[in-house]
file coords03.cif (mmCIF, C-alpha atoms)
data_target
loop_
_atom_site.label_atom_id
_atom_site.label_comp_id
_atom_site.auth_asym_id
_atom_site.auth_seq_id
_atom_site.Cartn_x
_atom_site.Cartn_y
_atom_site.Cartn_z
CA MET A 177 23.23 7.72 5.09
CA ASP A 178 23.00 7.78 1.29
CA GLU A 179 19.54 7.85 -0.21
CA ILE A 180 18.43 4.87 -2.27
CA THR A 181 17.26 5.84 -5.74
CA ALA A 182 15.25 3.24 -7.62
CA GLU A 183 16.86 2.20 -10.91
CA TYR A 184 14.20 1.09 -13.33
CA ALA A 185 16.41 0.00 -16.26
CA VAL A 186 16.33 -3.53 -14.90
CA ALA A 187 15.21 -5.61 -17.88
CA ASP A 188 18.67 -7.19 -18.22
CA LEU A 189 18.44 -8.52 -14.64
CA LEU A 190 15.07 -10.23 -15.04
CA PRO A 191 14.39 -13.82 -16.12
CA PRO A 192 12.86 -14.35 -19.59
CA ALA A 193 9.08 -14.02 -19.50
CA GLU A 194 6.26 -13.73 -22.01
CA LEU A 195 3.54 -11.14 -21.56
CA LYS A 196 0.38 -13.22 -21.95
CA VAL A 197 -2.12 -10.95 -20.17
CA LEU A 198 -1.90 -7.17 -19.79
CA ALA A 199 -4.17 -5.20 -17.47
CA HIS A 200 -4.86 -1.78 -18.96
CA VAL A 201 -5.47 0.49 -15.97
CA SER A 202 -6.32 4.08 -15.17
CA VAL A 203 -4.98 5.54 -11.93
CA GLY A 204 -5.79 8.41 -9.62
CA ALA A 205 -4.08 9.43 -6.38
CA LYS A 206 -4.28 12.12 -3.72
CA THR A 207 -2.50 12.79 -0.44
CA ASP A 208 -3.16 15.55 2.08
CA LEU A 209 -1.57 16.83 5.27
CA GLY A 210 -4.92 16.92 7.06
CA ARG A 211 -6.12 19.55 9.52
CA VAL A 212 -4.00 18.58 12.54
CA ARG A 213 -0.57 17.29 11.51
CA GLU A 214 2.38 19.57 10.78
CA ASN A 215 4.01 17.27 8.23
CA ASN A 216 2.87 14.49 5.92
CA GLU A 217 4.20 11.09 6.95
CA ASP A 218 2.20 9.30 4.23
CA LYS A 219 3.88 8.24 1.01
CA PHE A 220 2.52 6.68 -2.14
CA GLU A 221 4.21 5.51 -5.31
CA PHE A 222 3.22 3.52 -8.35
CA TYR A 223 5.24 2.21 -11.25
CA ILE A 224 3.71 1.12 -14.57
CA PRO A 225 6.55 -0.10 -16.82
CA ASP A 226 6.80 0.61 -20.52
CA ASP A 227 9.15 -2.32 -21.06
CA GLU A 228 7.24 -5.52 -21.87
CA LEU A 229 9.78 -7.77 -20.15
CA ILE A 230 9.30 -5.88 -16.89
CA LEU A 231 5.52 -6.00 -17.37
CA ALA A 232 5.72 -9.74 -18.01
CA SER A 233 7.90 -10.62 -15.03
CA ARG A 234 7.11 -7.89 -12.46
CA GLY A 235 3.87 -6.22 -13.57
CA GLN A 236 2.52 -2.92 -12.29
CA VAL A 237 3.27 -1.84 -8.72
CA PHE A 238 1.26 0.37 -6.34
CA VAL A 239 2.35 1.20 -2.77
CA VAL A 240 1.04 3.20 0.19
CA CYS A 241 3.09 3.76 3.37
CA ASP A 242 2.15 5.62 6.56
CA GLY A 243 5.15 6.54 8.69
CA MET A 244 5.42 7.04 12.42
CA GLY A 245 8.01 8.28 14.85
CA GLY A 246 7.61 12.05 15.07
CA HIS A 247 10.11 14.83 14.31
CA ALA A 248 9.98 13.94 10.58
CA ALA A 249 11.17 10.40 11.35
CA GLY A 250 7.89 8.94 10.11
CA GLN A 251 8.24 10.80 6.85
CA ILE A 252 11.76 9.43 6.40
CA ALA A 253 10.59 5.89 7.23
CA SER A 254 7.76 5.92 4.70
CA GLU A 255 9.99 7.37 1.98
CA LEU A 256 12.74 4.81 2.59
CA ALA A 257 10.36 1.87 2.77
CA CYS A 258 8.39 2.82 -0.32
CA LYS A 259 11.39 3.42 -2.56
CA THR A 260 13.37 0.44 -1.26
CA PHE A 261 10.43 -1.91 -1.71
CA ILE A 262 9.85 -0.91 -5.34
CA ASP A 263 13.54 -0.92 -6.21
CA VAL A 264 14.23 -4.36 -4.75
CA TYR A 265 11.03 -5.89 -6.13
CA LEU A 266 11.67 -4.66 -9.68
CA SER A 267 15.34 -5.68 -9.60
CA HIS A 268 14.85 -9.15 -8.13
CA PRO A 269 16.34 -11.73 -10.53
CA GLY A 270 14.04 -14.63 -9.62
CA SER A 271 11.02 -15.81 -11.58
CA ASP A 272 8.66 -16.16 -8.58
CA PRO A 273 6.84 -12.85 -7.89
CA LYS A 274 6.01 -13.90 -4.33
CA GLU A 275 9.69 -14.47 -3.61
CA ALA A 276 10.46 -11.04 -5.09
CA LEU A 277 7.78 -9.43 -2.92
CA SER A 278 9.09 -11.17 0.19
CA THR A 279 12.65 -10.07 -0.53
CA ALA A 280 11.47 -6.51 -1.15
CA ILE A 281 9.48 -6.16 2.08
CA HIS A 282 12.30 -7.61 4.16
CA ALA A 283 14.83 -5.30 2.47
CA ALA A 284 12.61 -2.29 3.20
CA ASN A 285 12.27 -3.42 6.81
CA ARG A 286 16.02 -3.83 7.26
CA TRP A 287 16.82 -0.45 5.67
CA VAL A 288 14.38 1.41 7.92
CA PHE A 289 15.51 -0.59 10.96
CA LEU A 290 19.19 0.23 10.39
CA THR A 291 18.46 3.88 9.61
CA ALA A 292 16.49 4.21 12.85
CA ARG A 293 19.43 2.90 14.83
CA SER A 294 21.93 5.21 13.17
CA ASN A 295 20.29 8.34 14.63
CA VAL A 296 18.89 8.64 18.15
CA ALA A 297 16.24 11.12 16.95
CA ARG A 298 14.83 8.40 14.69
CA LYS A 299 15.01 5.46 17.08
CA ASP A 300 11.24 4.91 17.20
CA MET A 301 10.48 5.34 13.53
CA GLY A 302 8.63 2.82 11.41
CA THR A 303 5.95 2.66 8.77
CA THR A 304 3.06 0.69 7.43
CA LEU A 305 3.38 -0.72 3.93
CA SER A 306 0.59 -1.96 1.70
CA ALA A 307 1.48 -2.94 -1.85
CA LEU A 308 -0.50 -4.25 -4.81
CA VAL A 309 1.02 -5.81 -7.91
CA LEU A 310 -0.94 -6.58 -11.09
CA LEU A 311 1.03 -9.23 -12.96
CA GLN A 312 -0.33 -11.07 -15.98
CA ASP A 313 -3.81 -12.23 -14.83
CA LYS A 314 -2.97 -12.25 -11.10
CA ALA A 315 -2.99 -9.68 -8.32
CA TYR A 316 -0.56 -9.94 -5.41
CA CYS A 317 -0.74 -7.97 -2.16
CA VAL A 318 1.75 -7.62 0.67
CA GLN A 319 0.75 -5.95 3.92
CA VAL A 320 2.33 -4.71 7.15
CA GLY A 321 0.40 -2.37 9.46
CA ASP A 322 -3.04 -0.82 9.09
CA SER A 323 -3.02 0.87 5.71
CA ARG A 324 -5.57 -0.96 3.61
CA ILE A 325 -6.23 -2.42 0.17
CA TYR A 326 -9.82 -2.77 -1.02
CA ARG A 327 -11.32 -4.28 -4.18
CA LEU A 328 -14.57 -3.21 -5.79
CA ARG A 329 -15.94 -5.98 -8.00
CA ALA A 330 -19.45 -6.29 -9.42
CA GLY A 331 -20.77 -3.69 -6.97
CA GLU A 332 -19.28 -5.39 -3.89
CA LEU A 333 -16.51 -3.75 -1.85
CA THR A 334 -14.10 -6.18 -0.16
CA GLN A 335 -11.27 -5.34 2.21
CA ILE A 336 -8.43 -7.54 0.95
CA THR A 337 -5.95 -6.83 3.76
CA GLN A 338 -6.28 -7.31 7.50
CA ASP A 339 -5.31 -4.47 9.86
CA HIS A 340 -2.37 -5.30 12.10
CA THR A 341 -3.83 -3.47 15.08
CA PHE A 342 -4.49 -4.26 18.71
CA VAL A 343 -8.21 -3.65 18.24
CA ASN A 344 -8.51 -5.80 15.14
CA GLU A 345 -6.90 -8.67 17.00
CA LEU A 346 -9.58 -8.27 19.68
CA VAL A 347 -12.29 -8.33 17.02
CA ARG A 348 -10.88 -11.43 15.35
CA ALA A 349 -10.68 -13.14 18.74
CA GLY A 350 -14.32 -12.27 19.43
CA THR A 351 -13.43 -10.17 22.48
CA ILE A 352 -15.13 -7.04 21.10
CA THR A 353 -17.51 -6.38 18.21
CA PRO A 354 -16.63 -4.42 15.05
CA GLU A 355 -18.99 -1.70 16.28
CA GLU A 356 -17.14 -1.46 19.60
CA ALA A 357 -13.83 -1.25 17.72
CA ILE A 358 -14.83 1.97 15.95
CA ASN A 359 -14.50 4.11 19.08
CA HIS A 360 -12.05 1.96 21.04
CA PRO A 361 -9.36 4.12 22.74
CA ARG A 362 -6.59 1.90 21.32
CA LYS A 363 -7.94 1.59 17.79
CA ASN A 364 -4.84 3.20 16.26
CA VAL A 365 -2.29 1.02 18.07
CA ILE A 366 -0.61 -1.11 15.42
CA THR A 367 1.00 -4.45 16.20
CA ARG A 368 3.28 -4.73 13.17
CA ALA A 369 5.28 -2.11 11.29
CA VAL A 370 8.17 -1.95 8.85
CA GLY A 371 11.46 -1.04 10.52
CA VAL A 372 10.45 -1.35 14.17
CA GLU A 373 12.00 -4.78 14.68
CA GLU A 374 14.81 -6.57 12.89
CA ILE A 375 12.40 -9.16 11.46
CA VAL A 376 8.97 -8.35 10.06
CA ALA A 377 6.04 -10.72 9.42
CA PRO A 378 4.04 -9.53 6.39
CA ASP A 379 0.76 -10.90 5.09
CA PHE A 380 0.53 -12.03 1.46
CA PHE A 381 -2.56 -12.36 -0.72
CA GLU A 382 -3.02 -13.67 -4.27
CA PHE A 383 -6.12 -13.70 -6.48
CA ASP A 384 -7.28 -13.43 -10.08
CA ILE A 385 -7.77 -10.08 -11.79
CA VAL A 386 -11.17 -9.50 -13.37
CA GLU A 387 -11.83 -6.89 -16.02
CA GLY A 388 -13.65 -3.95 -14.41
CA ASP A 389 -12.02 -4.41 -10.98
CA THR A 390 -11.31 -1.22 -9.03
CA TYR A 391 -8.62 -1.31 -6.35
CA PHE A 392 -8.26 1.22 -3.55
CA LEU A 393 -5.16 1.66 -1.36
CA CYS A 394 -5.32 4.07 1.57
CA SER A 395 -3.73 5.17 4.82
CA ASP A 396 -5.71 5.14 8.06
CA GLY A 397 -6.43 8.85 7.68
CA VAL A 398 -9.21 7.71 5.36
CA MET A 399 -10.68 5.11 7.72
CA ASN A 400 -10.78 7.58 10.61
CA HIS A 401 -13.50 9.58 8.86
CA VAL A 402 -14.85 7.71 5.81
CA ASP A 403 -16.75 4.45 6.31
CA ASP A 404 -16.89 1.55 3.85
CA ASP A 405 -20.38 2.45 2.60
CA ASN A 406 -19.17 5.92 1.64
CA ILE A 407 -16.07 4.49 -0.01
CA LEU A 408 -18.25 2.09 -2.01
CA GLN A 409 -20.51 4.91 -3.15
CA ILE A 410 -17.63 7.14 -4.25
CA LEU A 411 -15.71 4.39 -6.05
CA SER A 412 -18.85 3.22 -7.84
CA ALA A 413 -19.83 6.67 -9.09
CA ASN A 414 -16.45 8.11 -10.12
CA GLY A 415 -13.31 7.41 -12.12
CA PRO A 416 -10.01 6.88 -10.28
CA ALA A 417 -8.85 10.52 -10.16
CA ALA A 418 -12.19 11.95 -9.00
CA ALA A 419 -12.66 9.09 -6.52
CA ALA A 420 -9.25 9.64 -4.90
CA TRP A 421 -9.86 13.38 -4.51
CA LYS A 422 -13.40 12.93 -3.20
CA ILE A 423 -12.43 10.32 -0.62
CA VAL A 424 -9.64 12.52 0.71
CA GLY A 425 -12.06 15.46 0.69
CA GLN A 426 -14.52 13.46 2.77
CA ALA A 427 -11.78 12.65 5.28
CA LEU A 428 -10.97 16.37 5.59
CA LEU A 429 -14.63 17.27 6.02
CA GLY A 430 -14.86 14.61 8.72
CA GLY A 431 -12.09 16.27 10.71
CA GLY A 432 -8.82 15.53 8.92
CA SER A 433 -7.27 14.19 12.11
CA ASP A 434 -4.39 12.51 10.29
CA ASN A 435 -2.50 12.57 7.01
CA THR A 436 -4.75 11.07 4.36
CA THR A 437 -3.75 9.19 1.20
CA ALA A 438 -5.86 7.48 -1.45
CA VAL A 439 -4.72 5.58 -4.55
CA VAL A 440 -7.40 4.27 -6.91
CA LEU A 441 -6.86 2.13 -9.99
CA LYS A 442 -9.38 0.59 -12.34
CA VAL A 443 -8.79 -2.36 -14.66
CA ASN A 444 -10.41 -1.04 -17.82
CA ARG A 445 -9.46 -3.98 -20.00
CA LEU A 446 -7.63 -7.30 -19.80
CA GLU A 447 -5.73 -7.83 -23.03
CA ILE A 448 -5.25 -11.56 -23.69
CA ARG A 449 -2.32 -12.19 -26.00
CA ASP A 450 -2.12 -15.38 -28.04
#
call {"tool": "encode", "arguments": {"input": "coords03.cif", "output": "structure tokens"}}
result
Amino acid sequence: MDEITAEYAVADLLPPAELKVLAHVSVGAKTDLGRVRENNEDKFEFYIPDDELILASRGQVFVVCDGMGGHAAGQIASELACKTFIDVYLSHPGSDPKEALSTAIHAANRWVFLTARSNVARKDMGTTLSALVLLQDKAYCVQVGDSRIYRLRAGELTQITQDHTFVNELVRAGTITPEEAINHPRKNVITRAVGVEEIVAPDFFEFDIVEGDTYFLCSDGVMNHVDDDNILQILSANGPAAAAWKIVGQALLGGGSDNTTAVVLKVNRLEIRD
């Protein structure tokens, strides 16, 4: 099957839009194989356009995927989902960013789903997908699986996304406590993934951007070994590049039981244009 390559010269496809607010960001990212896995099934991408029309209508895009399926299938799934999502989102001709995000996540799901069924060795492959878009003065998130998006604002760390896991569903139902979930034998069983079924049900989030916000996207290789208090401490004391490297380093020191990916971005300034 031919590989999809994202085409970013898409300004002619987009509806007219005026750039009224621009988030100036700094970004750091790090991914690592870990100490157990033989290949890295994590994938991250981000795209910060130079073209003001793309910035005005699509914003800045950040994605983390964590593939599954074994025999390199997970790596293929995360690559396909990540690139398809960004390509379709940026190229979407509509003016509603939420519609563009929805189209993009469903396109990524269908591409992985069809690819899995074209090769028996990949029949069980799928991937998480967590994406953040900074557009004008708004942030939009789309989520499938258990990779996470956090926000650090005014010294408070908030998990924006909800894990699509068996254990998290038990916690939300009040069946077990968050403390019991930490060591639950099924804590890594996810209930939703991109490409596993023909239809996917993503979560969407929307909120205002505030100058000074720090956002953190990560795969579950981080959460296996680095708790929220440690994440808060590292994000608060370091810039994006150092924070990403230190968080991944902490996950490796804790055991490195899975591939580990961290993407950190800080909103240094919100430029308001008259």
call {"tool": "closest_residue", "arguments": {"input": "coords03.cif", "among": "A:Thr291, A:Thr304, A:Ser267, A:Gln319", "to": "Phe380 (chain A)", "atoms": "all atoms listed in the file"}}
result
A:Gln319
call {"tool": "closest_residue", "arguments": {"input": "coords03.cif", "among": "A:Ala420, A:Ala199, A:Ala284, A:Ala413", "to": "Lys259 (chain A)", "atoms": "only C-alpha atoms"}}
result
A:Ala284
call {"tool": "residues_around", "arguments": {"input": "coords03.cif", "residues": "Arg211 (chain A)", "least_positions_apart": "4", "cutoff": "12 Å", "atoms": "all atoms listed in the file", "output": "ChimeraX atom specification"}}
result
/A:215-216,397,424-425,427-436
call {"tool": "atom_distance", "arguments": {"input": "coords03.cif", "atom1": "CA of Ser254 (chain A)", "atom2": "CA of Ser323 (chain A)"}}
result
11.9 Å
call {"tool": "residues_around", "arguments": {"input": "coords03.cif", "residues": "Ile385 (chain A)", "least_positions_apart": "5", "cutoff": "12 Å", "atoms": "only C-alpha atoms", "output": "PDB file with C-alpha atoms, in the coordinates of the input"}}
result
ATOM      1  CA  VAL A 197      -2.120 -10.950 -20.170  1.00  0.00           C
ATOM      2  CA  LEU A 198      -1.900  -7.170 -19.790  1.00  0.00           C
ATOM      3  CA  ALA A 199      -4.170  -5.200 -17.470  1.00  0.00           C
ATOM      4  CA  HIS A 200      -4.860  -1.780 -18.960  1.00  0.00           C
ATOM      5  CA  VAL A 201      -5.470   0.490 -15.970  1.00  0.00           C
ATOM      6  CA  LEU A 308      -0.500  -4.250  -4.810  1.00  0.00           C
ATOM      7  CA  VAL A 309       1.020  -5.810  -7.910  1.00  0.00           C
ATOM      8  CA  LEU A 310      -0.940  -6.580 -11.090  1.00  0.00           C
ATOM      9  CA  LEU A 311       1.030  -9.230 -12.960  1.00  0.00           C
ATOM     10  CA  GLN A 312      -0.330 -11.070 -15.980  1.00  0.00           C
ATOM     11  CA  ASP A 313      -3.810 -12.230 -14.830  1.00  0.00           C
ATOM     12  CA  LYS A 314      -2.970 -12.250 -11.100  1.00  0.00           C
ATOM     13  CA  ALA A 315      -2.990  -9.680  -8.320  1.00  0.00           C
ATOM     14  CA  TYR A 316      -0.560  -9.940  -5.410  1.00  0.00           C
ATOM     15  CA  ARG A 327     -11.320  -4.280  -4.180  1.00  0.00           C
ATOM     16  CA  LEU A 328     -14.570  -3.210  -5.790  1.00  0.00           C
ATOM     17  CA  ARG A 329     -15.940  -5.980  -8.000  1.00  0.00           C
ATOM     18  CA  THR A 390     -11.310  -1.220  -9.030  1.00  0.00           C
ATOM     19  CA  TYR A 391      -8.620  -1.310  -6.350  1.00  0.00           C
ATOM     20  CA  LYS A 442      -9.380   0.590 -12.340  1.00  0.00           C
ATOM     21  CA  VAL A 443      -8.790  -2.360 -14.660  1.00  0.00           C
ATOM     22  CA  ASN A 444     -10.410  -1.040 -17.820  1.00  0.00           C
ATOM     23  CA  ARG A 445      -9.460  -3.980 -20.000  1.00  0.00           C
ATOM     24  CA  LEU A 446      -7.630  -7.300 -19.800  1.00  0.00           C
ATOM     25  CA  GLU A 447      -5.730  -7.830 -23.030  1.00  0.00           C
TER      26      GLU A 447
END
call {"tool": "resolve_selection", "arguments": {"input": "coords03.cif", "expression": "the PyMOL selection byres ((chain A and resi 437) around 12)", "output": "short mmCIF file (atom, residue, chain, number, x, y, z; two decimals) with C-alpha atoms, in the frame of the given file"}}
result
data_model
loop_
_atom_site.label_atom_id
_atom_site.label_comp_id
_atom_site.auth_asym_id
_atom_site.auth_seq_id
_atom_site.Cartn_x
_atom_site.Cartn_y
_atom_site.Cartn_z
CA GLY A 204 -5.79 8.41 -9.62
CA ALA A 205 -4.08 9.43 -6.38
CA LYS A 206 -4.28 12.12 -3.72
CA THR A 207 -2.50 12.79 -0.44
CA ASP A 208 -3.16 15.55 2.08
CA LEU A 209 -1.57 16.83 5.27
CA GLY A 210 -4.92 16.92 7.06
CA ASN A 216 2.87 14.49 5.92
CA GLU A 217 4.20 11.09 6.95
CA ASP A 218 2.20 9.30 4.23
CA LYS A 219 3.88 8.24 1.01
CA PHE A 220 2.52 6.68 -2.14
CA GLU A 221 4.21 5.51 -5.31
CA VAL A 239 2.35 1.20 -2.77
CA VAL A 240 1.04 3.20 0.19
CA CYS A 241 3.09 3.76 3.37
CA ASP A 242 2.15 5.62 6.56
CA GLY A 243 5.15 6.54 8.69
CA SER A 306 0.59 -1.96 1.70
CA SER A 323 -3.02 0.87 5.71
CA ARG A 324 -5.57 -0.96 3.61
CA ILE A 325 -6.23 -2.42 0.17
CA PHE A 392 -8.26 1.22 -3.55
CA LEU A 393 -5.16 1.66 -1.36
CA CYS A 394 -5.32 4.07 1.57
CA SER A 395 -3.73 5.17 4.82
CA ASP A 396 -5.71 5.14 8.06
CA GLY A 397 -6.43 8.85 7.68
CA VAL A 398 -9.21 7.71 5.36
CA MET A 399 -10.68 5.11 7.72
CA ASN A 400 -10.78 7.58 10.61
CA ALA A 419 -12.66 9.09 -6.52
CA ALA A 420 -9.25 9.64 -4.90
CA TRP A 421 -9.86 13.38 -4.51
CA LYS A 422 -13.40 12.93 -3.20
CA ILE A 423 -12.43 10.32 -0.62
CA VAL A 424 -9.64 12.52 0.71
CA GLY A 425 -12.06 15.46 0.69
CA GLN A 426 -14.52 13.46 2.77
CA ALA A 427 -11.78 12.65 5.28
CA LEU A 428 -10.97 16.37 5.59
CA GLY A 432 -8.82 15.53 8.92
CA ASP A 434 -4.39 12.51 10.29
CA ASN A 435 -2.50 12.57 7.01
CA THR A 436 -4.75 11.07 4.36
CA ALA A 438 -5.86 7.48 -1.45
CA VAL A 439 -4.72 5.58 -4.55
CA VAL A 440 -7.40 4.27 -6.91
#
call {"tool": "residues_around", "arguments": {"input": "coords03.cif", "residues": "Ala276 (chain A)", "least_positions_apart": "6", "cutoff": "12 Å", "atoms": "all atoms listed in the file", "output": "list in words"}}
result
Leu190, Ser233, Arg234, Gly235, Phe261, Ile262, Asp263, Val264, Tyr265, Leu266, Ser267, His268, Pro269, Gly270, His282, Ala283, Val309, Tyr316, Cys317, Val318 and Phe380 of chain A
call {"tool": "atom_distance", "arguments": {"input": "coords03.cif", "atom1": "CA of Asp379 (chain A)", "atom2": "CA of Pro191 (chain A)"}}
result
25.4 Å
call {"tool": "resolve_selection", "arguments": {"input": "coords03.cif", "expression": "the PyMOL selection byres ((chain A and resi 248) around 10)", "output": "PyMOL selection string"}}
result
chain A and resi 214-217+243-247+249-253+297-298+301
call {"tool": "write_last_selection", "arguments": {"input": "coords03.cif", "atoms": "C-alpha atoms", "output": "PDB file, in the coordinates of the input"}}
result
ATOM      1  CA  GLU A 214       2.380  19.570  10.780  1.00  0.00           C
ATOM      2  CA  ASN A 215       4.010  17.270   8.230  1.00  0.00           C
ATOM      3  CA  ASN A 216       2.870  14.490   5.920  1.00  0.00           C
ATOM      4  CA  GLU A 217       4.200  11.090   6.950  1.00  0.00           C
ATOM      5  CA  GLY A 243       5.150   6.540   8.690  1.00  0.00           C
ATOM      6  CA  MET A 244       5.420   7.040  12.420  1.00  0.00           C
ATOM      7  CA  GLY A 245       8.010   8.280  14.850  1.00  0.00           C
ATOM      8  CA  GLY A 246       7.610  12.050  15.070  1.00  0.00           C
ATOM      9  CA  HIS A 247      10.110  14.830  14.310  1.00  0.00           C
ATOM     10  CA  ALA A 249      11.170  10.400  11.350  1.00  0.00           C
ATOM     11  CA  GLY A 250       7.890   8.940  10.110  1.00  0.00           C
ATOM     12  CA  GLN A 251       8.240  10.800   6.850  1.00  0.00           C
ATOM     13  CA  ILE A 252      11.760   9.430   6.400  1.00  0.00           C
ATOM     14  CA  ALA A 253      10.590   5.890   7.230  1.00  0.00           C
ATOM     15  CA  ALA A 297      16.240  11.120  16.950  1.00  0.00           C
ATOM     16  CA  ARG A 298      14.830   8.400  14.690  1.00  0.00           C
ATOM     17  CA  MET A 301      10.480   5.340  13.530  1.00  0.00           C
TER      18      MET A 301
END
call {"tool": "atom_distance", "arguments": {"input": "coords03.cif", "atom1": "CA of Asp384 (chain A)", "atom2": "CA of Val320 (chain A)"}}
result
21.6 Å
call {"tool": "residues_near_point", "arguments": {"input": "coords03.cif", "point": "(7.9, -9.5, -22.8)", "cutoff": "6 Å", "atoms": "all atoms listed in the file", "output": "number ranges by chain"}}
result
A: 193-195, 228-229, 232
call {"tool": "resolve_selection", "arguments": {"input": "coords03.cif", "expression": "the PyMOL selection byres ((chain A and resi 336) around 6)", "output": "list of chain:residue names"}}
result
A:Ile325, A:Tyr326, A:Thr334, A:Gln335, A:Thr337
call {"tool": "axis_aligned_box", "arguments": {"input": "coords03.cif", "around": "region 283-296 of chain A", "padding_each_side": "3 Å", "output": "JSON"}}
result
{"center_x": 17.1, "center_y": 1.7, "center_z": 10.3, "size_x": 15.7, "size_y": 19.9, "size_z": 21.7}
call {"tool": "residues_near_point", "arguments": {"input": "coords03.cif", "point": "(13.2, -13.5, 10.2)", "cutoff": "12 Å", "atoms": "all atoms listed in the file", "output": "PyMOL selection string"}}
result
chain A and resi 278-279+281-283+285-286+373-378
call {"tool": "closest_residue", "arguments": {"input": "coords03.cif", "among": "A:Ala417, A:Val343, A:Ile230, A:Val212", "to": "Ile366 (chain A)", "atoms": "all atoms listed in the file"}}
result
A:Val343
call {"tool": "closest_residue", "arguments": {"input": "coords03.cif", "among": "A:Phe383, A:Tyr223, A:Trp287, A:Phe238", "to": "Leu305 (chain A)", "atoms": "all atoms listed in the file"}}
result
A:Phe238
